[in-house]
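Note sheet for the following structure.
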Amino acid sequence: MQNTSLEDSIMSGEQTITVYGTKWCPDCYRARRVLDGRDIPYTYIDIHRDKQACTYVEQVNHGNRSVPTIQFPDGEILVEPSSRALNAKLDTLK
């Protein structure tokens with residue numbers, strides 16, 4: 001896991017999973033545990049610390065700050081996915 005800003009993630013051109021979340025969100029912790037448990041690298045961005053990331057999350061969620069918002073290298077975005085839905089998506093990436 002790597003803490004970074006939205007700008008750093010975009011500038012690096014990395015093809016990685018990006019998790020947009022907050023410190024207080026239990027679903028964010030759960031999603032990160034799923035990724036960590038499968039040893040899948042990802043970038044975590046706290047939307048309370050990064051205004052660009054917060055704006056992005058609001059844009060893709062019709063004005064809502066829904067977290068976790070998870071963006072995948074193929075462009076797909078999952079919002080507040082269950083562990084089952086997240087695992088199913090991760091299975092398609094291998």
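Every chain in the structure tokens takes a letter, A first, then B, and so on in the order presented; its residues are numbered from 1, and the ligands are numbered from 1 following the presented order.
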Skip Arg38 in chain A itself and residues of its chain fewer than 5 positions away, then list as an MDAnalysis selection string all residues within 12 Å of it, counting only C-alpha atoms. chainID A and resid 31:33 83 86:87 90:91 94
Include N, CA and C atoms and write out the residues we just selected as an mmCIF file, in the first residue's frame.
data_model
loop_
_atom_site.group_PDB
_atom_site.id
_atom_site.type_symbol
_atom_site.label_atom_id
_atom_site.label_comp_id
_atom_site.auth_asym_id
_atom_site.auth_seq_id
_atom_site.Cartn_x
_atom_site.Cartn_y
_atom_site.Cartn_z
ATOM 1 N N ALA A 31 -12.337 -3.057 2.521
ATOM 2 C CA ALA A 31 -11.834 -3.198 1.151
ATOM 3 C C ALA A 31 -10.311 -3.309 1.149
ATOM 4 N N ARG A 32 -9.658 -2.511 1.967
ATOM 5 C CA ARG A 32 -8.194 -2.569 2.026
ATOM 6 C C ARG A 32 -7.724 -3.905 2.592
ATOM 7 N N ARG A 33 -8.473 -4.472 3.543
ATOM 8 C CA ARG A 33 -8.120 -5.791 4.083
ATOM 9 C C ARG A 33 -8.227 -6.858 3.000
ATOM 10 N N SER A 83 -17.379 -7.379 -0.047
ATOM 11 C CA SER A 83 -16.152 -8.174 -0.186
ATOM 12 C C SER A 83 -16.295 -9.156 -1.341
ATOM 13 N N LEU A 86 -15.923 -7.247 -4.643
ATOM 14 C CA LEU A 86 -14.524 -6.852 -4.832
ATOM 15 C C LEU A 86 -13.673 -8.054 -5.218
ATOM 16 N N ASN A 87 -13.852 -9.157 -4.532
ATOM 17 C CA ASN A 87 -13.102 -10.373 -4.878
ATOM 18 C C ASN A 87 -13.418 -10.851 -6.280
ATOM 19 N N LEU A 90 -11.505 -8.667 -8.615
ATOM 20 C CA LEU A 90 -10.076 -8.982 -8.544
ATOM 21 C C LEU A 90 -9.759 -10.269 -9.287
ATOM 22 N N ASP A 91 -10.679 -11.229 -9.257
ATOM 23 C CA ASP A 91 -10.480 -12.493 -9.980
ATOM 24 C C ASP A 91 -10.377 -12.264 -11.482
ATOM 25 N N LYS A 94 -6.610 -11.216 -12.966
ATOM 26 C CA LYS A 94 -5.451 -12.120 -13.005
ATOM 27 C C LYS A 94 -5.321 -12.803 -14.328
#
Write out as JSON, numbers by chain the set of residues from chain A that DSSP, computed on the backbone, places in strand (DSSP E or B). {"A": [2, 3, 17, 18, 19, 20, 21, 42, 43, 44, 45, 46, 69, 70, 71, 77, 78, 79]}
Based on the backbone DSSP call, show me all residues of chain A assigned alpha helix (DSSP H), as a PyMOL selection string. chain A and resi 6-12+26-37+51-60+83-93
Export of the given selection (C-alpha atoms) as a compact mmCIF listing (two decimals), in the first residue's frame:
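Wrote selection31.txt, looks like this:
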# COMPACT_ATOMS: atom_id res chain seq x y z
CA LEU A 6 -4.32 12.00 -6.91
CA GLU A 7 -1.88 14.17 -8.84
CA ASP A 8 1.08 11.89 -7.98
CA SER A 9 -0.89 8.85 -9.10
CA ILE A 10 -1.83 10.42 -12.43
CA MET A 11 1.64 11.86 -13.07
CA SER A 12 3.37 8.53 -12.45
CA PRO A 26 -15.29 0.92 8.04
CA ASP A 27 -16.02 -0.16 4.44
CA CYS A 28 -12.71 1.40 3.38
CA TYR A 29 -10.85 -0.67 5.97
CA ARG A 30 -12.68 -3.79 4.82
CA ALA A 31 -11.83 -3.20 1.15
CA ARG A 32 -8.19 -2.57 2.03
CA ARG A 33 -8.12 -5.79 4.08
CA VAL A 34 -9.39 -7.71 1.04
CA LEU A 35 -6.64 -6.22 -1.13
CA ASP A 36 -3.95 -6.71 1.52
CA GLY A 37 -5.11 -10.29 2.14
CA LYS A 51 -9.16 18.10 -2.60
CA GLN A 52 -8.64 16.84 -6.16
CA ALA A 53 -9.41 13.31 -5.07
CA CYS A 54 -12.52 14.48 -3.22
CA THR A 55 -13.70 16.32 -6.33
CA TYR A 56 -13.05 13.21 -8.44
CA VAL A 57 -15.06 10.99 -6.06
CA GLU A 58 -17.93 13.48 -6.12
CA GLN A 59 -17.85 13.57 -9.93
CA VAL A 60 -18.02 9.81 -10.40
CA SER A 83 -16.15 -8.17 -0.19
CA ARG A 84 -17.73 -10.68 -2.58
CA ALA A 85 -18.06 -8.10 -5.39
CA LEU A 86 -14.52 -6.85 -4.83
CA ASN A 87 -13.10 -10.37 -4.88
CA ALA A 88 -15.05 -11.18 -8.04
CA LYS A 89 -13.57 -8.12 -9.75
CA LEU A 90 -10.08 -8.98 -8.54
CA ASP A 91 -10.48 -12.49 -9.98
CA THR A 92 -10.98 -10.96 -13.44
CA LEU A 93 -7.68 -9.07 -13.24
Hey, which of A:Asn61, A:Asp39, A:His48, A:Ile17 ends up closest to Asp74 in chain A? Count only C-alpha atoms.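 Once distances to Asp74 in chain A are computed over only C-alpha atoms, the minimum belongs to A:Ile17.
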Would you kindly return, as a VMD selection string, each protein, DNA or RNA residue with an atom no farther than 8 Å from any atom of Val19 in chain A, considering only C-alpha atoms and excluding same-chain residues fewer than 2 positions away? chain A and resid 17 21 32 42 to 45 68 to 71
